[in-house]
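Listing of upload-v6.txt, compact mmCIF, C-alpha atoms and all ligand atoms
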# COMPACT_ATOMS: atom_id res chain seq x y z
CA MET A 1106 90.71 104.88 88.19
CA ARG A 1107 89.19 107.62 90.33
CA ILE A 1108 91.40 108.87 93.15
CA ALA A 1109 90.58 110.51 96.48
CA ASP A 1110 93.41 112.29 98.28
CA ALA A 1111 93.02 112.97 102.01
CA HIS A 1112 95.54 115.80 102.35
CA CYS A 1113 97.26 118.68 100.55
CA ASP A 1114 98.43 122.14 101.63
CA THR A 1115 97.59 123.98 98.42
CA LEU A 1116 95.28 126.52 100.06
CA TYR A 1117 98.09 127.55 102.40
CA SER A 1118 100.37 128.18 99.40
CA ILE A 1119 97.72 130.32 97.75
CA GLY A 1120 95.99 131.99 100.70
CA VAL A 1121 98.94 132.65 103.00
CA HIS A 1122 102.06 132.51 100.82
CA GLY A 1123 100.31 134.27 97.94
CA ARG A 1124 101.42 131.76 95.33
CA PRO A 1125 99.33 131.82 92.14
CA ALA A 1126 97.08 128.76 91.90
CA GLU A 1127 98.62 127.72 88.58
CA GLY A 1128 102.05 127.63 90.26
CA CYS A 1129 100.94 125.05 92.85
CA VAL A 1130 101.54 121.31 92.66
CA VAL A 1131 97.83 120.54 92.98
CA THR A 1132 95.97 122.16 90.09
CA SER A 1133 92.60 121.38 88.62
CA ASP A 1134 94.33 120.34 85.38
CA GLY A 1135 96.75 118.00 87.20
CA MET A 1136 93.86 116.48 89.13
CA ARG A 1137 91.99 115.83 85.91
CA ARG A 1138 95.01 114.22 84.27
CA GLY A 1139 95.65 111.97 87.27
CA GLY A 1140 92.02 111.02 87.86
CA VAL A 1141 91.88 112.80 91.22
CA CYS A 1142 88.16 113.40 91.70
CA LEU A 1143 88.22 114.26 95.38
CA GLN A 1144 91.00 116.38 96.85
CA THR A 1145 91.02 117.29 100.52
CA PHE A 1146 92.34 120.84 100.90
CA ALA A 1147 93.65 121.49 104.41
CA LEU A 1148 93.20 124.75 106.26
CA PHE A 1149 96.66 124.68 107.81
CA ALA A 1150 97.24 126.57 111.05
CA GLY A 1151 100.73 127.70 109.96
CA GLY A 1152 104.18 127.05 111.31
CA GLU A 1153 104.09 129.21 114.42
CA GLY A 1154 101.56 127.41 116.56
CA PRO A 1155 98.86 129.18 118.57
CA ALA A 1156 100.84 132.46 118.49
CA GLY A 1157 100.87 132.69 114.67
CA HIS A 1158 97.30 133.89 113.95
CA PRO A 1159 96.05 130.44 112.91
CA TYR A 1160 92.39 131.48 112.76
CA GLU A 1161 93.13 134.41 110.46
CA ASN A 1162 95.29 132.15 108.29
CA ALA A 1163 92.41 129.72 107.96
CA LEU A 1164 90.03 132.48 106.87
CA ASN A 1165 92.56 133.64 104.28
CA MET A 1166 92.72 130.10 102.96
CA CYS A 1167 88.93 129.88 102.76
CA ALA A 1168 88.97 133.13 100.80
CA ALA A 1169 91.40 131.51 98.32
CA MET A 1170 89.16 128.51 97.60
CA ASP A 1171 87.84 129.85 94.29
CA ASP A 1172 91.37 130.42 93.00
CA THR A 1173 91.87 126.66 92.77
CA GLN A 1174 89.09 126.43 90.16
CA VAL A 1175 88.19 123.15 91.82
CA PRO A 1176 84.52 123.08 92.88
CA MET A 1177 84.33 122.61 96.65
CA LEU A 1178 81.68 120.41 98.24
CA LEU A 1179 80.51 122.64 101.08
CA GLY A 1180 77.13 120.99 101.62
CA ASP A 1181 75.96 117.38 101.74
CA LEU A 1182 78.11 114.99 99.74
CA PRO A 1183 76.65 113.63 96.50
CA GLU A 1184 75.37 110.06 96.69
CA ASP A 1185 78.30 108.72 94.70
CA MET A 1186 81.98 109.55 94.61
CA PRO A 1187 82.48 112.32 92.00
CA ASP A 1188 84.02 111.44 88.65
CA THR A 1189 85.44 114.89 87.93
CA PRO A 1190 87.73 117.02 90.17
CA HIS A 1191 86.09 118.25 93.38
CA GLY A 1192 87.41 119.47 96.71
CA ILE A 1193 86.54 119.18 100.39
CA LEU A 1194 88.03 121.00 103.36
CA SER A 1195 89.89 119.80 106.43
CA ILE A 1196 91.72 121.41 109.34
CA GLU A 1197 95.40 120.81 110.05
CA GLY A 1198 96.22 122.14 113.52
CA GLY A 1199 93.44 122.56 116.09
CA GLU A 1200 94.87 125.92 117.22
CA ILE A 1201 92.67 127.31 114.42
CA PHE A 1202 89.73 126.84 116.83
CA GLU A 1203 91.35 129.09 119.44
CA GLY A 1204 90.02 126.87 122.22
CA SER A 1205 86.43 127.82 121.37
CA VAL A 1206 83.46 125.62 120.46
CA SER A 1207 81.90 128.46 118.49
CA ARG A 1208 84.92 128.38 116.17
CA ILE A 1209 84.35 124.65 115.63
CA ASP A 1210 80.78 125.56 114.75
CA GLU A 1211 81.89 128.25 112.35
CA PHE A 1212 84.15 125.95 110.33
CA SER A 1213 81.64 123.12 110.47
CA SER A 1214 78.57 125.07 109.36
CA LYS A 1215 80.13 127.60 107.01
CA TYR A 1216 82.91 125.56 105.41
CA ARG A 1217 81.74 122.00 106.18
CA ILE A 1218 85.14 120.73 107.30
CA ARG A 1219 85.13 116.92 107.08
CA LEU A 1220 88.19 116.06 109.14
CA ALA A 1221 90.42 117.87 111.60
CA ALA A 1222 93.94 117.12 112.82
CA LEU A 1223 94.03 118.02 116.51
CA THR A 1224 97.60 119.30 116.30
CA TRP A 1225 100.26 120.19 113.80
CA ASN A 1226 103.82 120.17 115.13
CA HIS A 1227 103.14 122.47 118.08
CA GLU A 1228 101.46 122.00 121.41
CA ASN A 1229 98.09 123.73 121.33
CA GLU A 1230 94.84 123.96 123.33
CA LEU A 1231 93.94 120.38 122.36
CA GLY A 1232 97.11 118.42 122.98
CA TYR A 1233 100.69 117.62 122.05
CA SER A 1234 102.30 116.85 118.71
CA ALA A 1235 104.13 113.75 117.50
CA VAL A 1236 107.42 115.64 117.33
CA SER A 1237 107.04 117.11 120.84
CA GLY A 1238 108.11 113.86 122.48
CA SER A 1239 105.43 114.45 125.13
CA GLY A 1240 103.85 111.45 126.82
CA GLU A 1241 100.82 113.48 127.87
CA GLY A 1242 97.39 112.67 126.51
CA LEU A 1243 94.78 115.08 125.19
CA LYS A 1244 94.04 118.25 127.13
CA PRO A 1245 90.50 118.94 128.40
CA PHE A 1246 89.67 120.99 125.28
CA GLY A 1247 91.06 118.16 123.13
CA LEU A 1248 88.70 115.67 124.78
CA ARG A 1249 85.85 118.16 124.40
CA PHE A 1250 86.82 118.60 120.76
CA VAL A 1251 86.51 114.85 120.09
CA ARG A 1252 82.90 114.92 121.41
CA GLU A 1253 82.02 118.11 119.53
CA ALA A 1254 83.56 116.75 116.30
CA ASP A 1255 81.56 113.52 116.59
CA ARG A 1256 78.29 115.46 116.89
CA ARG A 1257 79.13 117.55 113.86
CA GLY A 1258 80.22 114.67 111.64
CA ILE A 1259 83.85 115.77 111.64
CA LEU A 1260 86.40 112.95 111.57
CA CYS A 1261 89.24 113.29 114.09
CA ASP A 1262 92.58 113.14 112.31
CA VAL A 1263 95.51 111.66 114.29
CA SER A 1264 98.23 112.69 111.83
CA HIS A 1265 100.72 114.91 113.71
CA LEU A 1266 99.29 113.93 117.12
CA ASN A 1267 101.57 112.36 119.75
CA ASP A 1268 101.27 108.67 120.62
CA ALA A 1269 99.49 109.17 123.96
CA GLY A 1270 96.94 111.44 122.27
CA PHE A 1271 96.50 108.85 119.50
CA TRP A 1272 95.55 106.10 121.94
CA GLN A 1273 93.17 108.30 123.85
CA LEU A 1274 91.47 109.41 120.66
CA ILE A 1275 91.10 105.80 119.49
CA GLU A 1276 89.19 105.08 122.71
CA GLN A 1277 87.10 108.23 122.78
CA ALA A 1278 86.04 108.98 119.20
CA GLU A 1279 82.69 107.58 118.11
CA LEU A 1280 83.36 108.19 114.42
CA PRO A 1281 86.11 106.21 112.67
CA PRO A 1282 89.53 107.67 113.52
CA VAL A 1283 91.59 108.74 110.52
CA ALA A 1284 95.27 109.35 109.86
CA SER A 1285 95.03 111.58 106.79
CA HIS A 1286 98.75 111.61 105.91
CA SER A 1287 101.03 109.20 107.80
CA ASP A 1288 103.25 106.24 106.88
CA CYS A 1289 104.54 103.09 108.61
CA ARG A 1290 106.98 103.57 111.49
CA ALA A 1291 108.19 99.97 111.11
CA LEU A 1292 109.58 100.90 107.67
CA CYS A 1293 110.75 104.44 108.43
CA ASP A 1294 111.21 105.26 112.10
CA MET A 1295 109.78 108.76 112.41
CA PRO A 1296 107.40 109.95 115.15
CA ARG A 1297 105.01 111.21 112.43
CA ASN A 1298 104.56 107.63 111.20
CA LEU A 1299 102.32 105.00 112.80
CA THR A 1300 103.47 101.84 114.58
CA ASP A 1301 102.01 98.50 113.53
CA ASP A 1302 99.90 98.50 116.71
CA MET A 1303 98.48 101.90 115.81
CA ILE A 1304 97.66 100.69 112.29
CA ARG A 1305 95.96 97.61 113.79
CA ALA A 1306 93.92 99.93 116.03
CA LEU A 1307 92.79 101.93 112.98
CA ILE A 1308 91.82 98.65 111.32
CA ASP A 1309 89.88 97.51 114.43
CA ARG A 1310 88.02 100.82 114.49
CA GLN A 1311 87.44 100.69 110.69
CA GLY A 1312 89.15 104.03 110.30
CA PHE A 1313 91.33 105.35 107.50
CA MET A 1314 95.04 105.79 106.79
CA GLY A 1315 96.30 107.92 103.89
CA ILE A 1316 99.82 107.13 102.71
CA ASN A 1317 101.98 110.29 102.73
CA PHE A 1318 104.33 110.93 99.79
CA TYR A 1319 106.88 112.96 101.75
CA SER A 1320 110.32 111.45 101.05
CA ARG A 1321 111.48 111.62 104.67
CA PHE A 1322 108.50 109.60 105.92
CA LEU A 1323 109.03 106.92 103.25
CA THR A 1324 112.75 106.23 103.54
CA LYS A 1325 115.80 107.51 105.37
CA GLU A 1326 118.03 106.78 102.38
CA GLY A 1327 117.97 109.10 99.39
CA THR A 1328 115.06 109.75 97.09
CA PRO A 1329 112.29 107.16 97.36
CA THR A 1330 110.90 105.34 94.35
CA LEU A 1331 107.38 104.17 93.59
CA GLU A 1332 108.51 100.82 95.03
CA ASP A 1333 109.19 102.53 98.38
CA VAL A 1334 105.67 103.96 98.40
CA PHE A 1335 104.39 100.49 97.57
CA ARG A 1336 106.30 98.98 100.52
CA HIS A 1337 104.32 101.21 102.91
CA ILE A 1338 101.03 100.37 101.19
CA ASP A 1339 101.86 96.67 101.28
CA ARG A 1340 102.80 96.75 104.96
CA VAL A 1341 99.35 98.08 105.82
CA MET A 1342 97.79 95.43 103.55
CA GLU A 1343 99.78 92.70 105.34
CA LEU A 1344 98.44 93.95 108.68
CA GLY A 1345 94.92 93.50 107.27
CA GLY A 1346 94.31 97.09 106.19
CA GLU A 1347 92.69 96.67 102.79
CA LYS A 1348 89.59 98.48 104.08
CA ILE A 1349 91.39 101.46 105.64
CA LEU A 1350 94.10 102.31 103.11
CA GLY A 1351 94.18 105.37 100.92
CA PHE A 1352 96.35 108.34 100.03
CA GLY A 1353 97.24 111.59 101.77
CA SER A 1354 99.77 112.99 99.31
CA ASP A 1355 100.71 116.11 101.30
CA PHE A 1356 101.37 117.87 97.97
CA ASP A 1357 102.19 121.57 98.36
CA GLY A 1358 103.22 120.83 101.95
CA ILE A 1359 106.37 118.80 101.20
CA GLU A 1360 109.68 119.77 99.68
CA SER A 1361 110.68 116.28 98.49
CA TRP A 1362 108.72 113.39 96.98
CA PRO A 1363 109.37 110.06 95.29
CA ASP A 1364 110.78 109.81 91.78
CA GLY A 1365 107.81 109.74 89.43
CA LEU A 1366 105.26 110.85 92.03
CA GLY A 1367 105.53 114.63 92.18
CA SER A 1368 101.99 115.77 91.39
CA PRO A 1369 98.39 114.56 91.18
CA ALA A 1370 98.96 113.77 87.49
CA ASP A 1371 101.35 110.98 88.56
CA PHE A 1372 98.80 108.87 90.47
CA PRO A 1373 98.31 106.45 87.54
CA ALA A 1374 101.98 105.40 87.80
CA LEU A 1375 101.46 104.43 91.46
CA ILE A 1376 98.31 102.49 90.60
CA GLU A 1377 100.23 100.68 87.87
CA THR A 1378 102.91 99.75 90.42
CA MET A 1379 100.26 98.22 92.67
CA ARG A 1380 98.77 96.36 89.69
CA LEU A 1381 102.18 94.96 88.75
CA HIS A 1382 102.47 93.62 92.29
CA GLY A 1383 99.22 91.71 91.76
CA TYR A 1384 96.68 93.96 93.46
CA GLY A 1385 93.21 93.25 92.05
CA GLU A 1386 90.69 95.83 90.89
CA ASP A 1387 88.53 95.56 94.04
CA ALA A 1388 91.49 96.27 96.31
CA LEU A 1389 92.64 99.08 94.02
CA SER A 1390 89.31 100.88 93.99
CA ALA A 1391 89.02 100.54 97.79
CA ILE A 1392 92.49 102.04 98.23
CA CYS A 1393 92.18 104.67 95.53
CA TRP A 1394 88.89 106.17 96.75
CA GLY A 1395 86.45 103.69 98.32
CA ASN A 1396 87.83 103.64 101.84
CA PHE A 1397 88.10 107.40 102.19
CA TRP A 1398 84.66 107.90 100.66
CA ARG A 1399 83.21 105.38 103.16
CA VAL A 1400 84.47 107.25 106.24
CA LEU A 1401 83.32 110.58 104.79
CA LYS A 1402 79.81 109.22 104.21
CA GLN A 1403 79.75 107.64 107.67
CA ALA A 1404 80.70 110.96 109.22
CA GLU A 1405 78.01 112.79 107.30
CA ALA A 1406 75.35 110.25 108.31
CA HIS A 1407 76.38 110.71 111.95
CA ARG A 1408 76.04 114.50 111.83
CA SER A 1409 73.47 115.73 114.34
CA LEU A 1410 74.42 119.42 114.66
ZN ZN B 1 100.96 117.67 107.78
Once more with this new file: its structure as structure tokens, please.
Amino acid sequence: MRIADAHCDTLYSIGVHGRPAEGCVVTSDGMRRGGVCLQTFALFAGGEGPAGHPYENALNMCAAMDDTQVPMLLGDLPEDMPDTPHGILSIEGGEIFEGSVSRIDEFSSKYRIRLAALTWNHENELGYSAVSGSGEGLKPFGLRFVREADRRGILCDVSHLNDAGFWQLIEQAELPPVASHSDCRALCDMPRNLTDDMIRALIDRQGFMGINFYSRFLTKEGTPTLEDVFRHIDRVMELGGEKILGFGSDFDGIESWPDGLGSPADFPALIETMRLHGYGEDALSAICWGNFWRVLKQAEAHRSL
């Protein structure tokens, strides 16, 4: 089974922390062994918010792309989902844009970013993060960003955004809203996870939700198992989310993960778990790559700049 993964932080490990590519969790060999044919590599703003040179960090990560030895799709997507490892780029933390539309242009035209999380865990020029506790919606540049992203075929990513920002984005974005790496708040009560109502909104808007493998978003008790990951997948399915579900592993950005799901090479074990629970092949291929591929293609078709 081919796999598409909507989020990892491997380029940050290589480009900012200076880790050798072969020492990362996501490697081209691991992707090949696990069937991961499309890996989204995030340009992560870094842990210090707007003050921490996020734009320079992003450029350093772009410069590290070749180290991954994963061919990056920086132009139009192929007609069909790849069947060998490939990469695409995203943004995690809108402070990378430094409040400037020309920066959005730069990352769109030069690096063809496909999705962008408006915030990481800090307040920035666009809005407020999930962990900020703020009830404020998007800032003026955040609202402008949603319009500019739509025109450029960039999907707005609500992962890390606060709840008020989420609801505003759901109303404002023309393209399908995506949560690249978030789990179910009903099963693990963390602000980074999505409530059932939020998941229903993503379903209504035919968006996308990538299940995150970070232990602390899956369970509050000990090390999660593949069954715990399945519980989050199944919750979204029960809400009617067969057409929005996917994966956002967060590999290389997390310090704990489920037993038996520590790298891209482990995806087949998760698929087997879903099969054992009676998921059919159509549902599996939608979850494993079809749903993410659909929103990517929709975004590209919408691109007018
Ligand atoms: Zn993240």
field: Residue nearest ligand ZN 1 (chain B) among A:Gly1135, A:Pro1282, A:Gly1383, A:Gly1353 (counting only C-alpha atoms and all ligand atoms)
entry: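 Using only C-alpha atoms and all ligand atoms, ligand ZN 1 (chain B) sits closest to A:Gly1353.
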Length of the CA of Gln1174 (chain A) to CA of Ser1133 (chain A) vector [Å]: 6.3 Å
- prompt: For ligand ZN 1 (chain B), which of A:Leu1307, A:Val1141, A:Val1236, A:Val1341 is the closest residue, counting all atoms listed in the file?
  reply: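 Checking each of A:Leu1307, A:Val1141, A:Val1236, A:Val1341 against ligand ZN 1 (chain B), counting all atoms listed in the file, the winner is A:Val1236.
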task: Can you work out which one of A:Glu1279, A:Asp1294, A:Glu1203, A:Asp1288 has the shortest atom-to-atom distance to Gln1311 (chain A), counting all atoms listed in the file?
output: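 Under the stated criterion, the closest residue is A:Glu1279.
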query: Which of these, A:Leu1274, A:Ile1316, A:Ala1222, A:Leu1350, has the shortest distance to ligand ZN 1 (chain B) once you count only C-alpha atoms and all ligand atoms?
result: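 Ranking A:Leu1274, A:Ile1316, A:Ala1222, A:Leu1350 by distance to ligand ZN 1 (chain B), first place goes to A:Ala1222.
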Neighbours of ligand ZN 1 (chain B) at 12 Å or closer, counting all atoms listed in the file: which residues, as a PDB file with C-alpha atoms, in the frame of the given file?
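Below is the file that was written, part.pdb:
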ATOM      1  CA  ALA A1111      93.020 112.970 102.010  1.00  0.00           C
ATOM      2  CA  HIS A1112      95.540 115.800 102.350  1.00  0.00           C
ATOM      3  CA  CYS A1113      97.260 118.680 100.550  1.00  0.00           C
ATOM      4  CA  ASP A1114      98.430 122.140 101.630  1.00  0.00           C
ATOM      5  CA  THR A1115      97.590 123.980  98.420  1.00  0.00           C
ATOM      6  CA  TYR A1117      98.090 127.550 102.400  1.00  0.00           C
ATOM      7  CA  PHE A1146      92.340 120.840 100.900  1.00  0.00           C
ATOM      8  CA  ALA A1147      93.650 121.490 104.410  1.00  0.00           C
ATOM      9  CA  LEU A1148      93.200 124.750 106.260  1.00  0.00           C
ATOM     10  CA  PHE A1149      96.660 124.680 107.810  1.00  0.00           C
ATOM     11  CA  ALA A1150      97.240 126.570 111.050  1.00  0.00           C
ATOM     12  CA  GLY A1151     100.730 127.700 109.960  1.00  0.00           C
ATOM     13  CA  GLY A1152     104.180 127.050 111.310  1.00  0.00           C
ATOM     14  CA  SER A1195      89.890 119.800 106.430  1.00  0.00           C
ATOM     15  CA  ILE A1196      91.720 121.410 109.340  1.00  0.00           C
ATOM     16  CA  GLU A1197      95.400 120.810 110.050  1.00  0.00           C
ATOM     17  CA  GLY A1198      96.220 122.140 113.520  1.00  0.00           C
ATOM     18  CA  ALA A1221      90.420 117.870 111.600  1.00  0.00           C
ATOM     19  CA  ALA A1222      93.940 117.120 112.820  1.00  0.00           C
ATOM     20  CA  LEU A1223      94.030 118.020 116.510  1.00  0.00           C
ATOM     21  CA  THR A1224      97.600 119.300 116.300  1.00  0.00           C
ATOM     22  CA  TRP A1225     100.260 120.190 113.800  1.00  0.00           C
ATOM     23  CA  ASN A1226     103.820 120.170 115.130  1.00  0.00           C
ATOM     24  CA  HIS A1227     103.140 122.470 118.080  1.00  0.00           C
ATOM     25  CA  SER A1234     102.300 116.850 118.710  1.00  0.00           C
ATOM     26  CA  ALA A1235     104.130 113.750 117.500  1.00  0.00           C
ATOM     27  CA  VAL A1236     107.420 115.640 117.330  1.00  0.00           C
ATOM     28  CA  ASP A1262      92.580 113.140 112.310  1.00  0.00           C
ATOM     29  CA  VAL A1263      95.510 111.660 114.290  1.00  0.00           C
ATOM     30  CA  SER A1264      98.230 112.690 111.830  1.00  0.00           C
ATOM     31  CA  HIS A1265     100.720 114.910 113.710  1.00  0.00           C
ATOM     32  CA  LEU A1266      99.290 113.930 117.120  1.00  0.00           C
ATOM     33  CA  ALA A1284      95.270 109.350 109.860  1.00  0.00           C
ATOM     34  CA  SER A1285      95.030 111.580 106.790  1.00  0.00           C
ATOM     35  CA  HIS A1286      98.750 111.610 105.910  1.00  0.00           C
ATOM     36  CA  SER A1287     101.030 109.200 107.800  1.00  0.00           C
ATOM     37  CA  ASP A1288     103.250 106.240 106.880  1.00  0.00           C
ATOM     38  CA  ARG A1297     105.010 111.210 112.430  1.00  0.00           C
ATOM     39  CA  ASN A1298     104.560 107.630 111.200  1.00  0.00           C
ATOM     40  CA  GLY A1315      96.300 107.920 103.890  1.00  0.00           C
ATOM     41  CA  ILE A1316      99.820 107.130 102.710  1.00  0.00           C
ATOM     42  CA  ASN A1317     101.980 110.290 102.730  1.00  0.00           C
ATOM     43  CA  PHE A1318     104.330 110.930  99.790  1.00  0.00           C
ATOM     44  CA  TYR A1319     106.880 112.960 101.750  1.00  0.00           C
ATOM     45  CA  PHE A1322     108.500 109.600 105.920  1.00  0.00           C
ATOM     46  CA  GLY A1353      97.240 111.590 101.770  1.00  0.00           C
ATOM     47  CA  SER A1354      99.770 112.990  99.310  1.00  0.00           C
ATOM     48  CA  ASP A1355     100.710 116.110 101.300  1.00  0.00           C
ATOM     49  CA  PHE A1356     101.370 117.870  97.970  1.00  0.00           C
ATOM     50  CA  ASP A1357     102.190 121.570  98.360  1.00  0.00           C
ATOM     51  CA  GLY A1358     103.220 120.830 101.950  1.00  0.00           C
ATOM     52  CA  ILE A1359     106.370 118.800 101.200  1.00  0.00           C
TER      53      ILE A1359
END
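The space between CA of Arg1124 (chain A) and CA of Gly1157 (chain A) spans 19.4 Å.
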message: Residues within 10 Å of Trp1398 (chain A), please, as a ChimeraX atom specification. Count all atoms listed in the file; anything in the same chain fewer than 4 positions from it doesn't count.
response: /A:1109,1111,1143,1182,1185-1187,1313,1351,1391,1393-1394,1402-1404
task: Using CA of Ser1214 (chain A) and CA of Leu1116 (chain A) as the two end points, give the distance in Å to one decimal.
output: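 Answer for the CA of Ser1214 (chain A) to CA of Leu1116 (chain A) separation: 19.2 Å.
Considering the residues A:Arg1305, A:Ile1349, A:Leu1331, A:Ala1169 and counting only C-alpha atoms, Ala1126 (chain A) has its shortest atom-to-atom contact with A:Ala1169.
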query: Can you tell me, as a ChimeraX atom specification, what residues are no more than 12 Å from Arg1217 (chain A) when counting all atoms listed in the file, ignoring any on the same chain fewer than 5 positions away?
result: /A:1145-1146,1148,1167,1177-1182,1192-1196,1209-1212,1254,1257-1260,1401,1404-1405,1408,1410
